[in-house]
Amino acid sequence: MATNPYSDLPAERFWRKVVTNLPPFAVDPRPRSPFAIGLTDKVATGGSCFAQRVAEALREAGFNYHVTEGAGADMPTDEVRERQFGTFSARYGNLYYTRQFTQLFDRAYGLFTPELSVWEREDGRYVDPFRPTVEPAGFATPAQVEAARVDHFARVRELFETLDVFVLTLGLTEGWRWRADGAALPLAPGVAGGSYDPALYECVNAGAAEVLGDLQGFLDRLWSVNPAARVIVTVSPVPMIATYMDRHVMVSNSYSKSVLRVAAGEVCASGDPRLVYFPAYDLVTSNVNAGRYYNDDQRTISEAGVRHVMRSFLATFAPDRAGPPLAMSSLSAEYQSTTGVICDEEEIERSVA
């Protein structure tokens with residue numbers, strides 16, 4: 001029989017062999033990881049709200065979740081959550097937009113000091129424009145905002161320099177900037193502080209080249225202070241909550257996720273053994289699942305979806321801790337829950353209610 005370039009390829013390269021006729025929960029597009037995660041490895045997370053689901057799952061799976069900006073032992077549990085201690089590895093809040101990653105590093109290391117330093121809220125309290133929801137009560141003075149920022153940056157530097165593995169989740173391409181110096185913000189002014197003035201702020205929608213540049217720029221910065229750091233890049237499967245572009249939000253979401261997926265794929269195609277793309281987005285959003293991994297709002301990810309992602313994650317990076325394949329009868333037991341996930345983006349809907 002004649003041969004062709006496809007003749008000797010493994011089964012995973014053929015849709016019919018690894019997707020068709022498989023139950024959805026058994027589809028597993030995990031990559032061949034260039035590294036494993038050990039029990040003592042310090043695993044950190046950053047990114048969009050889906051990154052919090054990853055952080056929760058890492059803790060549950062017994063990974064050494066690395067937090068450098070934690071709460072005191074006597075702080076009540078509700079306050080710990082409200083003030084976002086442990087939500088991410090440091091209290092930087094949601095990092096939706098890739099420019100936020102590069103600028104977080106530059107601000108923490110004194111390489112960039114934005115002109116914008118504080119937002120005043122309607123109640124007269126002040127917040128940090130770059131993480132406006134981490135202190136629900138706000139601050140009494142701008143000086144308190146700055147003092148908290150100095151301590152936060154120390155914890156960020158500690159995080160970048162001591163982590164072993166960073167799970168980086170890309171969320172959006174749309175974002176808001178301060179026009180004067182391009183400082184990237186997690187939320188539009190007026191949503192959780194400040195006031196909108198189009199002469200001072202602009203909305204941007206990054207293209208693939210910009211996202212790729214920012215992503216590579218962050219990796220280069222991280223490796224400059226921690227050359228051994230391993231990075232797992234993912235794309236959030238959570239659709240955007242609102243778009244500022246003049247079109248249907250579904251169209252904007254498709255654009256945003258496509259750009260992020262392309263950039264993630266390109267940066268991870270370098271072959272660097274410290275870097276790998278993990279297909280959480282691909283697994284959750286695939287047509288194979290017929291939307292069953294979304295809750296009724298068609299946006300938040302069900303517990304079943306998160307568990308499927310983490311089964312694949314464990315099999316990829318910690319096969320010694322991966323359990324047996326999930327039986328068909330067990331799927332219904334994977335209850336749906338998103339309690340405890342903090343999504344700054346939801347402030348947009350609250351602000352216009």
# chains A, B, ... in the order shown; residues from 1 in each chain; ligands from 1
$ residues_around --residues "Glu210 (chain A)" --least-positions-apart "6" --cutoff "9 Å" --atoms "only C-alpha atoms" --output "ChimeraX atom specification"
/A:98-99,263
$ residues_around --residues "Leu159 (chain A)" --least-positions-apart "4" --cutoff "7 Å" --atoms "only C-alpha atoms" --output "count of residues only"
3
$ closest_atom_pairs --of "region 96-163 of chain A" --to "region 224-246 of chain A" --cutoff "8 Å" --atoms "only C-alpha atoms" --output "JSON lines"
{"residue": "A:Phe160", "atom": "CA", "partner": "A:Asn226", "partner_atom": "CA", "distance": 6.9}
{"residue": "A:Glu161", "atom": "CA", "partner": "A:Asn226", "partner_atom": "CA", "distance": 5.2}
{"residue": "A:Thr162", "atom": "CA", "partner": "A:Asn226", "partner_atom": "CA", "distance": 7.3}
{"residue": "A:Leu163", "atom": "CA", "partner": "A:Ala229", "partner_atom": "CA", "distance": 6.7}
$ residues_around --residues "Thr45 (chain A)" --least-positions-apart "5" --cutoff "10 Å" --atoms "only C-alpha atoms" --output "list in words"
Ala51, Gln52, Val54, Ala55, Leu58, Tyr65, His66, Val67, Thr87, Phe88, Ser89, Ala90, Leu163, Val165, Phe166, Val167, Leu168, Thr169, Val231 and Ile232 of chain A
$ atom_distance --atom1 "CA of Phe278 (chain A)" --atom2 "CA of Arg311 (chain A)"
12.2 Å
$ closest_residue --among "A:Ala148, A:Val156, A:Ala61, A:Val288" --to "Val18 (chain A)" --atoms "only C-alpha atoms"
A:Val288
$ atom_distance --atom1 "CA of Ala140 (chain A)" --atom2 "CA of Glu120 (chain A)"
9.8 Å
$ closest_residue --among "A:Met75, A:Val267, A:Val251, A:Ala154" --to "Phe105 (chain A)" --atoms "only C-alpha atoms"
A:Ala154
$ closest_residue --among "A:Pro319, A:Gly47, A:Gly291, A:Pro31" --to "Leu275 (chain A)" --atoms "only C-alpha atoms"
A:Pro31
$ atom_distance --atom1 "CA of Thr3 (chain A)" --atom2 "CA of Ser33 (chain A)"
29.6 Å
$ select_by_dssp --residues "region 41-259 of chain A" --states "alpha helix (DSSP H)" --output "number ranges by chain"
A: 50-60, 77-82, 98-108, 142-162, 208-225, 249-259
$ select_by_dssp --residues "region 61-263 of chain A" --states "strand (DSSP E)" --output "PyMOL selection string"
chain A and resi 64-65+119-120+126-127+165-170+174-178+183-185+201-205+230-235
$ closest_atom_pairs --of "region 60-96 of chain A" --to "region 174-193 of chain A" --cutoff "9 Å" --atoms "only C-alpha atoms" --output "tab-separated table"
residue	atom	partner	partner_atom	distance
A:Gly93	CA	A:Pro186	CA	8.3
A:Asn94	CA	A:Pro186	CA	6.7
A:Leu95	CA	A:Pro186	CA	6.5
A:Tyr96	CA	A:Pro186	CA	6.5
$ residues_around --residues "Ala36 (chain A)" --least-positions-apart "6" --cutoff "12 Å" --atoms "only C-alpha atoms" --output "PDB file with C-alpha atoms, in the first residue's frame"
ATOM      1  CA  VAL A  43       2.948  26.865  41.592  1.00  0.00           C
ATOM      2  CA  PHE A  63      -0.194  21.124  44.536  1.00  0.00           C
ATOM      3  CA  ASP A 164       8.775  27.407  40.088  1.00  0.00           C
ATOM      4  CA  VAL A 165       5.719  27.224  37.812  1.00  0.00           C
ATOM      5  CA  ARG A 230       8.385  27.166  33.945  1.00  0.00           C
ATOM      6  CA  VAL A 231       5.269  28.697  32.406  1.00  0.00           C
ATOM      7  CA  ILE A 232       1.972  27.091  31.441  1.00  0.00           C
ATOM      8  CA  PRO A 273      11.355  23.604  27.313  1.00  0.00           C
ATOM      9  CA  ARG A 274      10.248  26.026  30.041  1.00  0.00           C
ATOM     10  CA  LEU A 275       7.041  26.856  28.181  1.00  0.00           C
ATOM     11  CA  VAL A 276       3.924  24.913  27.193  1.00  0.00           C
ATOM     12  CA  PHE A 313      -3.965  18.928  33.703  1.00  0.00           C
ATOM     13  CA  LEU A 314      -2.963  16.279  36.223  1.00  0.00           C
ATOM     14  CA  ALA A 315      -2.429  13.679  33.528  1.00  0.00           C
ATOM     15  CA  THR A 316      -0.155  16.163  31.736  1.00  0.00           C
ATOM     16  CA  PHE A 317       1.945  17.599  34.554  1.00  0.00           C
ATOM     17  CA  ALA A 318       1.564  15.159  37.445  1.00  0.00           C
ATOM     18  CA  PRO A 319       0.648  11.728  36.064  1.00  0.00           C
ATOM     19  CA  ASP A 320       1.529  10.102  39.383  1.00  0.00           C
ATOM     20  CA  ARG A 321      -1.379  12.034  40.937  1.00  0.00           C
TER      21      ARG A 321
END
